[in-house]
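So the structure is just underneath, and the comments pick up after that.
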Number of protein chains: 2
Amino acid sequence: MAEEAKRGREVVEEIESKLSKIKYKLMVISGKGGVGKSFITANLAVATALMGRKVAVFDADIHGPSIPKILGVHGERFPVTSSGIVPVLGPLNIKVVSIDFLLPGEDTPVIWRGPLKFAAIRDFLSKVEWGFADYLYVDLPPGTGDEPLSVAQLVSGLSGAIVVTIPSELSLLVVKKAVTFARKVGVDVIGVIENMSGFTCPNCGKTFFVFGKGAGEKIAKDMGVHFLGSIPIDPRIAETCDRGEPFLIKYPESPAAKALMKITEKVLEIVESK
Amino acid sequence: MAEEAKRGREVVEEIESKLSKIKYKLMVISGKGGVGKSFITANLAVATALMGRKVAVFDADIHGPSIPKILGVHGERFPVTSSGIVPVLGPLNIKVVSIDFLLPGEDTPVIWRGPLKFAAIRDFLSKVEWGFADYLYVDLPPGTGDEPLSVAQLVSGLSGAIVVTIPSELSLLVVKKAVTFARKVGVDVIGVIENMSGFTCPNCGKTFFVFGKGAGEKIAKDMGVHFLGSIPIDPRIAETCDRGEPFLIKYPESPAAKALMKITEKVLEIVESK
């Protein structure tokens, strides 16, 4: 056991050293899946890069790695250079690290059971030559169970957590759990982002609150954390995610893209003024 | 270890005996969270009861038990009778068993770590006096990892699995995993239900495929399983779920309710003709 604990400390130190040239590390979490967490992580990364920062994304969603698909680098493999394994370069030179770059085919995830997946995550963090970046966004597995907890604990020195939710009242409890989760890993909550918050009919211009209304803002207030903003539903989001074209670059003039830019500005402001 | 294995067999036998008066047992699964699995499970149960069957629902989603809220029995406690602990009775006399009926408050789930939660599930199945029912719907935790697998393996004699998905292309892989999952626990896949498949503007009548189009049907075809139908997006679904009024009873004339009834008819037909 003492041997194991020693090995554990060594791994954490190795990870710290590999991530030492990254200024700010943020994790993106959600109490449950299906709220668009990966879409938001990918587009926060794009927005941050558009604002002149060097950005890296770590896709720690081992169950369903979707960052590479959303950023258009699905199917790539880790480049091996003279200095070691380096991240895949996505749009705007965003550094991307994901289990996806190791999987031989689409059916593979089933084979990667818990402990193996965790070992892979640990190795990504401790063996990849991350190099310099202003921002690292870590897309955690959905939920607030043991698995995302273990992953979050591997990344030391996190600057904060961004919580993604949908506006339904059922998510109140889920967001509470996400905030508790962040506290467990000892990081500040930067704020709450409400996704899928209303659909404006492109034909007649009327807005419908398909998944409820305003819960994100209410929850943020209740929990005493920043409300970072809401992102409306846009059918082109699913389209761009499926095609691997970053939404922000493809439809910069859309209300959803503008909301994402504003949210990112707030995030950078909060993080950099700390 | 031999002792443990013996105890394991005993538990499975105990569960078998408690569930012996239930004719058909179906599990409802999804490769990822946020696809509306619990909404669909609850409303399949309501539709089945409306069709004259006796119905029970087992909410095995320990991470976020939402069946009680959707069926309007959130906050209830297990009744203890002379014959033992019995299910809570929901609308149309649907028998409901959920970890929710044991939780003292809204913040509690965080305390229930993996092994404890699993033990609770095991006890629900082996200790509750389930009694007679034509149908038992088991709402499994989202995902296809070790936890839902363990839960699914506790319920022996399953008649089949119903897979819930959303229509985006990203869900292709996820549904494949769900089918593999069903095969792992040795149950037939009854079919695929596509949820959130298009939003018809209540103002102008135009339909928008907010989360993509047709992936559910395509996947079902590819995997050689039945396509059970699609359920359109309806803002009143989130509303009724938040308020605990079964959508099918509240808005029976809505397209989503009609789709749910048709899907349930298909499910009953497939299950009862086997």
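By order in the structure tokens, chains are A, B, ...; within a chain, residues start at 1; ligands start at 1, following the order shown.
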Residues of chain A within 9 Å of chain B, only C-alpha atoms counted, as an MDAnalysis selection string: chainID A and resid 32:35 63:64 66 69 106:107 109:110 113:114 142:146 168:170 173:174 176:177 180:181 199 201:204 206 208:212 233:239 241:242
Strand (DSSP E) call set, DSSP backbone run, region 121-240 of chain A, as a VMD selection string: chain A and resid 133 to 139 160 to 165 189 to 200 207 to 208 227 to 233
Let's have the selection written as a compact mmCIF listing (two decimals), in the first residue's frame, with N, CA, C and O atoms.
# COMPACT_ATOMS: atom_id res chain seq x y z
N ALA A 133 0.58 26.61 -23.06
CA ALA A 133 -0.78 27.05 -23.41
C ALA A 133 -1.25 28.05 -22.36
O ALA A 133 -0.82 28.00 -21.20
N ASP A 134 -2.09 28.98 -22.79
CA ASP A 134 -2.69 29.89 -21.81
C ASP A 134 -3.83 29.18 -21.08
O ASP A 134 -3.99 29.30 -19.88
N TYR A 135 -4.63 28.44 -21.85
CA TYR A 135 -5.81 27.79 -21.28
C TYR A 135 -5.86 26.30 -21.62
O TYR A 135 -5.60 25.91 -22.76
N LEU A 136 -6.19 25.52 -20.61
CA LEU A 136 -6.51 24.11 -20.85
C LEU A 136 -7.96 23.89 -20.40
O LEU A 136 -8.32 24.18 -19.25
N TYR A 137 -8.79 23.43 -21.31
CA TYR A 137 -10.15 23.06 -20.94
C TYR A 137 -10.22 21.54 -20.82
O TYR A 137 -9.87 20.83 -21.77
N VAL A 138 -10.67 21.06 -19.66
CA VAL A 138 -10.79 19.62 -19.46
C VAL A 138 -12.27 19.24 -19.52
O VAL A 138 -13.07 19.69 -18.71
N ASP A 139 -12.63 18.46 -20.53
CA ASP A 139 -14.01 18.00 -20.68
C ASP A 139 -14.15 16.70 -19.88
O ASP A 139 -13.71 15.64 -20.32
N GLY A 160 -10.54 26.47 -11.95
CA GLY A 160 -11.96 26.54 -11.68
C GLY A 160 -12.76 25.55 -12.49
O GLY A 160 -12.23 24.86 -13.36
N ALA A 161 -14.06 25.50 -12.17
CA ALA A 161 -14.97 24.59 -12.85
C ALA A 161 -16.09 25.39 -13.48
O ALA A 161 -16.60 26.34 -12.90
N ILE A 162 -16.46 25.00 -14.70
CA ILE A 162 -17.60 25.60 -15.38
C ILE A 162 -18.69 24.54 -15.42
O ILE A 162 -18.44 23.41 -15.84
N VAL A 163 -19.87 24.90 -14.92
CA VAL A 163 -20.96 23.93 -14.85
C VAL A 163 -21.94 24.18 -15.99
O VAL A 163 -22.39 25.31 -16.18
N VAL A 164 -22.25 23.14 -16.76
CA VAL A 164 -23.20 23.28 -17.86
C VAL A 164 -24.51 22.61 -17.47
O VAL A 164 -24.52 21.50 -16.93
N THR A 165 -25.61 23.30 -17.75
CA THR A 165 -26.93 22.73 -17.43
C THR A 165 -27.92 23.05 -18.54
O THR A 165 -27.63 23.84 -19.44
N VAL A 189 -16.01 27.30 -8.35
CA VAL A 189 -16.92 27.25 -9.49
C VAL A 189 -16.89 28.61 -10.17
O VAL A 189 -17.20 29.64 -9.56
N ILE A 190 -16.45 28.63 -11.43
CA ILE A 190 -16.38 29.88 -12.19
C ILE A 190 -17.80 30.37 -12.47
O ILE A 190 -18.09 31.56 -12.41
N GLY A 191 -18.69 29.45 -12.77
CA GLY A 191 -20.07 29.84 -13.01
C GLY A 191 -20.86 28.78 -13.75
O GLY A 191 -20.34 27.71 -14.07
N VAL A 192 -22.13 29.12 -14.00
CA VAL A 192 -23.05 28.19 -14.64
C VAL A 192 -23.40 28.69 -16.05
O VAL A 192 -23.70 29.87 -16.24
N ILE A 193 -23.34 27.79 -17.01
CA ILE A 193 -23.81 28.10 -18.38
C ILE A 193 -25.09 27.32 -18.62
O ILE A 193 -25.16 26.12 -18.36
N GLU A 194 -26.12 28.03 -19.10
CA GLU A 194 -27.37 27.35 -19.43
C GLU A 194 -27.40 27.09 -20.93
O GLU A 194 -27.36 28.03 -21.73
N ASN A 195 -27.48 25.83 -21.31
CA ASN A 195 -27.52 25.47 -22.73
C ASN A 195 -28.94 25.06 -23.12
O ASN A 195 -29.73 24.68 -22.27
N MET A 196 -29.25 25.13 -24.40
CA MET A 196 -30.56 24.74 -24.94
C MET A 196 -31.68 25.58 -24.33
O MET A 196 -32.72 25.04 -23.96
N SER A 197 -31.44 26.87 -24.21
CA SER A 197 -32.41 27.68 -23.48
C SER A 197 -33.35 28.45 -24.39
O SER A 197 -33.33 29.66 -24.41
N GLY A 198 -34.16 27.75 -25.11
CA GLY A 198 -35.15 28.42 -25.94
C GLY A 198 -34.82 28.27 -27.41
O GLY A 198 -33.64 28.26 -27.80
N PHE A 199 -35.85 28.12 -28.21
CA PHE A 199 -35.69 27.95 -29.65
C PHE A 199 -36.50 29.03 -30.34
O PHE A 199 -37.69 29.17 -30.11
N THR A 200 -35.83 29.81 -31.17
CA THR A 200 -36.53 30.84 -31.92
C THR A 200 -36.84 30.31 -33.32
O THR A 200 -35.93 29.92 -34.05
N THR A 207 -40.21 32.71 -30.00
CA THR A 207 -39.31 31.89 -29.19
C THR A 207 -40.09 30.96 -28.28
O THR A 207 -41.08 31.36 -27.67
N PHE A 208 -39.65 29.70 -28.22
CA PHE A 208 -40.29 28.70 -27.35
C PHE A 208 -39.25 28.13 -26.41
O PHE A 208 -38.15 27.80 -26.83
N PHE A 227 -23.63 33.55 -12.98
CA PHE A 227 -24.36 33.01 -14.12
C PHE A 227 -23.64 33.53 -15.36
O PHE A 227 -23.55 34.74 -15.58
N LEU A 228 -23.11 32.64 -16.18
CA LEU A 228 -22.27 33.06 -17.29
C LEU A 228 -23.06 33.39 -18.55
O LEU A 228 -22.57 34.11 -19.42
N GLY A 229 -24.28 32.88 -18.64
CA GLY A 229 -25.10 33.18 -19.82
C GLY A 229 -25.84 31.96 -20.34
O GLY A 229 -25.61 30.84 -19.90
N SER A 230 -26.77 32.22 -21.26
CA SER A 230 -27.55 31.13 -21.86
C SER A 230 -27.26 31.04 -23.35
O SER A 230 -27.03 32.05 -24.01
N ILE A 231 -27.30 29.83 -23.85
CA ILE A 231 -27.09 29.59 -25.27
C ILE A 231 -28.38 29.02 -25.85
O ILE A 231 -28.85 27.98 -25.41
N PRO A 232 -28.95 29.72 -26.83
CA PRO A 232 -30.21 29.23 -27.41
C PRO A 232 -30.00 27.96 -28.25
O PRO A 232 -28.89 27.66 -28.67
N ILE A 233 -31.09 27.24 -28.47
CA ILE A 233 -31.07 26.06 -29.34
C ILE A 233 -30.93 26.52 -30.79
O ILE A 233 -31.56 27.49 -31.19
Run DSSP on the backbone and grab whatever in region 95-248 of chain A lands in helix (DSSP H, G or I); send it over as a compact mmCIF listing (two decimals) with N, CA and C atoms, in the first residue's frame.
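Once everything was written out, this is selection-v8.txt:
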# COMPACT_ATOMS: atom_id res chain seq x y z
N ILE A 99 -8.84 10.13 -25.95
CA ILE A 99 -8.71 8.68 -26.08
C ILE A 99 -9.09 8.26 -27.50
N ASP A 100 -9.86 9.11 -28.16
CA ASP A 100 -10.31 8.85 -29.52
C ASP A 100 -9.13 8.62 -30.46
N PHE A 101 -7.99 9.28 -30.21
CA PHE A 101 -6.83 9.17 -31.09
C PHE A 101 -6.10 7.84 -30.94
N LEU A 102 -6.58 7.01 -30.02
CA LEU A 102 -5.96 5.70 -29.80
C LEU A 102 -6.88 4.56 -30.21
N THR A 108 -14.90 0.05 -30.43
CA THR A 108 -13.91 -0.24 -29.40
C THR A 108 -14.28 0.15 -27.97
N PRO A 109 -14.91 1.31 -27.74
CA PRO A 109 -15.10 1.77 -26.36
C PRO A 109 -15.61 0.70 -25.41
N VAL A 110 -16.40 -0.23 -25.89
CA VAL A 110 -16.96 -1.27 -25.05
C VAL A 110 -15.87 -2.07 -24.34
N ILE A 111 -14.76 -2.26 -25.02
CA ILE A 111 -13.67 -3.07 -24.47
C ILE A 111 -12.97 -2.35 -23.32
N GLY A 114 -13.63 0.18 -16.89
CA GLY A 114 -13.22 1.21 -15.92
C GLY A 114 -11.74 1.40 -15.68
N PRO A 115 -11.05 0.43 -15.07
CA PRO A 115 -9.66 0.64 -14.66
C PRO A 115 -8.74 0.95 -15.85
N LEU A 116 -9.00 0.29 -16.98
CA LEU A 116 -8.18 0.52 -18.17
C LEU A 116 -8.34 1.94 -18.67
N LYS A 117 -9.61 2.39 -18.69
CA LYS A 117 -9.89 3.74 -19.17
C LYS A 117 -9.19 4.75 -18.27
N PHE A 118 -9.25 4.51 -16.97
CA PHE A 118 -8.63 5.43 -16.03
C PHE A 118 -7.12 5.48 -16.26
N ALA A 119 -6.53 4.32 -16.49
CA ALA A 119 -5.09 4.26 -16.72
C ALA A 119 -4.72 5.05 -17.97
N ALA A 120 -5.58 4.98 -18.99
CA ALA A 120 -5.31 5.71 -20.23
C ALA A 120 -5.31 7.22 -19.96
N ILE A 121 -6.32 7.66 -19.23
CA ILE A 121 -6.43 9.09 -18.87
C ILE A 121 -5.17 9.55 -18.13
N ARG A 122 -4.75 8.73 -17.16
CA ARG A 122 -3.58 9.06 -16.36
C ARG A 122 -2.35 9.19 -17.26
N ASP A 123 -2.24 8.26 -18.21
CA ASP A 123 -1.09 8.28 -19.10
C ASP A 123 -1.11 9.48 -20.04
N PHE A 124 -2.30 9.86 -20.51
CA PHE A 124 -2.40 11.04 -21.37
C PHE A 124 -1.85 12.26 -20.66
N LEU A 125 -2.23 12.37 -19.39
CA LEU A 125 -1.83 13.55 -18.63
C LEU A 125 -0.34 13.53 -18.32
N SER A 126 0.21 12.36 -18.04
CA SER A 126 1.58 12.30 -17.56
C SER A 126 2.61 12.04 -18.66
N LYS A 127 2.16 11.55 -19.81
CA LYS A 127 3.14 11.19 -20.85
C LYS A 127 3.14 12.12 -22.07
N ASP A 146 -17.87 8.41 -9.07
CA ASP A 146 -16.48 8.10 -8.75
C ASP A 146 -15.55 8.33 -9.93
N GLU A 147 -16.02 7.99 -11.14
CA GLU A 147 -15.13 8.07 -12.30
C GLU A 147 -14.71 9.51 -12.62
N PRO A 148 -15.66 10.43 -12.82
CA PRO A 148 -15.22 11.82 -13.07
C PRO A 148 -14.42 12.40 -11.90
N LEU A 149 -14.76 11.94 -10.70
CA LEU A 149 -14.03 12.43 -9.52
C LEU A 149 -12.56 12.03 -9.60
N SER A 150 -12.31 10.78 -9.93
CA SER A 150 -10.92 10.32 -10.03
C SER A 150 -10.18 11.08 -11.11
N VAL A 151 -10.85 11.29 -12.23
CA VAL A 151 -10.19 12.01 -13.33
C VAL A 151 -9.86 13.43 -12.90
N ALA A 152 -10.84 14.09 -12.27
CA ALA A 152 -10.63 15.48 -11.86
C ALA A 152 -9.47 15.60 -10.88
N GLN A 153 -9.34 14.59 -10.00
CA GLN A 153 -8.29 14.66 -8.98
C GLN A 153 -6.88 14.51 -9.55
N LEU A 154 -6.79 13.96 -10.77
CA LEU A 154 -5.48 13.80 -11.39
C LEU A 154 -4.89 15.13 -11.84
N SER A 171 -33.18 19.99 -13.42
CA SER A 171 -31.72 20.11 -13.35
C SER A 171 -31.24 20.81 -12.09
N LEU A 172 -32.14 21.38 -11.34
CA LEU A 172 -31.74 22.06 -10.10
C LEU A 172 -30.87 21.18 -9.22
N LEU A 173 -31.38 19.98 -8.96
CA LEU A 173 -30.69 19.02 -8.10
C LEU A 173 -29.36 18.62 -8.72
N VAL A 174 -29.39 18.44 -10.04
CA VAL A 174 -28.22 18.00 -10.77
C VAL A 174 -27.09 19.04 -10.68
N VAL A 175 -27.44 20.31 -10.76
CA VAL A 175 -26.43 21.35 -10.67
C VAL A 175 -25.87 21.45 -9.26
N LYS A 176 -26.74 21.26 -8.27
CA LYS A 176 -26.27 21.23 -6.88
C LYS A 176 -25.19 20.17 -6.72
N LYS A 177 -25.44 19.01 -7.32
CA LYS A 177 -24.48 17.92 -7.22
C LYS A 177 -23.17 18.30 -7.92
N ALA A 178 -23.28 19.00 -9.05
CA ALA A 178 -22.08 19.39 -9.78
C ALA A 178 -21.25 20.37 -8.95
N VAL A 179 -21.91 21.28 -8.24
CA VAL A 179 -21.19 22.24 -7.42
C VAL A 179 -20.51 21.51 -6.25
N THR A 180 -21.24 20.58 -5.63
CA THR A 180 -20.67 19.76 -4.56
C THR A 180 -19.44 19.01 -5.07
N PHE A 181 -19.57 18.49 -6.27
CA PHE A 181 -18.49 17.76 -6.92
C PHE A 181 -17.24 18.65 -7.04
N ALA A 182 -17.44 19.87 -7.54
CA ALA A 182 -16.31 20.80 -7.70
C ALA A 182 -15.63 21.06 -6.36
N ARG A 183 -16.46 21.22 -5.33
CA ARG A 183 -15.88 21.47 -4.01
C ARG A 183 -15.07 20.28 -3.51
N LYS A 184 -15.56 19.08 -3.85
CA LYS A 184 -14.85 17.86 -3.46
C LYS A 184 -13.44 17.82 -4.02
N ALA A 215 -33.95 28.34 -15.37
CA ALA A 215 -33.46 27.58 -14.21
C ALA A 215 -31.97 27.83 -13.97
N GLY A 216 -31.20 27.99 -15.05
CA GLY A 216 -29.76 28.22 -14.91
C GLY A 216 -29.45 29.43 -14.06
N GLU A 217 -30.11 30.53 -14.38
CA GLU A 217 -29.86 31.78 -13.65
C GLU A 217 -30.29 31.64 -12.19
N LYS A 218 -31.46 31.01 -12.00
CA LYS A 218 -31.99 30.81 -10.65
C LYS A 218 -31.02 29.97 -9.80
N ILE A 219 -30.55 28.89 -10.40
CA ILE A 219 -29.64 27.99 -9.67
C ILE A 219 -28.35 28.73 -9.30
N ALA A 220 -27.80 29.49 -10.27
CA ALA A 220 -26.56 30.20 -10.02
C ALA A 220 -26.74 31.14 -8.83
N LYS A 221 -27.86 31.84 -8.81
CA LYS A 221 -28.17 32.77 -7.73
C LYS A 221 -28.25 32.02 -6.40
N ASP A 222 -29.03 30.93 -6.40
CA ASP A 222 -29.21 30.12 -5.19
C ASP A 222 -27.88 29.62 -4.63
N MET A 223 -26.99 29.24 -5.54
CA MET A 223 -25.73 28.63 -5.10
C MET A 223 -24.64 29.67 -4.90
N PRO A 235 -30.61 24.47 -34.61
CA PRO A 235 -30.47 23.17 -35.29
C PRO A 235 -29.11 23.01 -35.96
N ARG A 236 -28.48 24.15 -36.28
CA ARG A 236 -27.19 24.05 -36.97
C ARG A 236 -26.08 23.58 -36.03
N ILE A 237 -26.36 23.61 -34.71
CA ILE A 237 -25.36 23.11 -33.75
C ILE A 237 -25.16 21.61 -33.93
N ALA A 238 -26.27 20.85 -33.97
CA ALA A 238 -26.16 19.40 -34.18
C ALA A 238 -25.49 19.11 -35.52
N GLU A 239 -25.87 19.87 -36.53
CA GLU A 239 -25.29 19.70 -37.87
C GLU A 239 -23.78 19.89 -37.86
N THR A 240 -23.33 21.01 -37.28
CA THR A 240 -21.89 21.27 -37.30
C THR A 240 -21.12 20.25 -36.45
N CYS A 241 -21.74 19.83 -35.33
CA CYS A 241 -21.08 18.81 -34.50
C CYS A 241 -20.93 17.52 -35.29
N ASP A 242 -21.98 17.13 -36.01
CA ASP A 242 -21.93 15.91 -36.81
C ASP A 242 -20.88 16.01 -37.92
N ARG A 243 -20.72 17.22 -38.47
CA ARG A 243 -19.80 17.38 -39.60
C ARG A 243 -18.39 17.75 -39.19
N PHE A 247 -18.83 25.28 -34.69
CA PHE A 247 -20.01 26.13 -34.88
C PHE A 247 -19.64 27.62 -34.88
N LEU A 248 -18.77 28.01 -33.96
CA LEU A 248 -18.38 29.42 -33.81
C LEU A 248 -17.71 29.98 -35.06
Which residue of B:Val86, B:Gly131, B:Val73, B:Glu14 approaches Lys54 (chain B) most closely, using only C-alpha atoms: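 Looking only at the distances to Lys54 (chain B), the closest residue turns out to be B:Gly131.
CA of Leu92 (chain A) is found 10.0 Å from CA of Arg53 (chain A).
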Separation of CA of Val97 (chain B) from CA of Phe58 (chain B) in Å: 5.0 Å
Computed interatomic separation between CA of Ile22 (chain A) and CA of Asp59 (chain A) (Å):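 Answer for the CA of Ile22 (chain A) to CA of Asp59 (chain A) separation: 16.0 Å.
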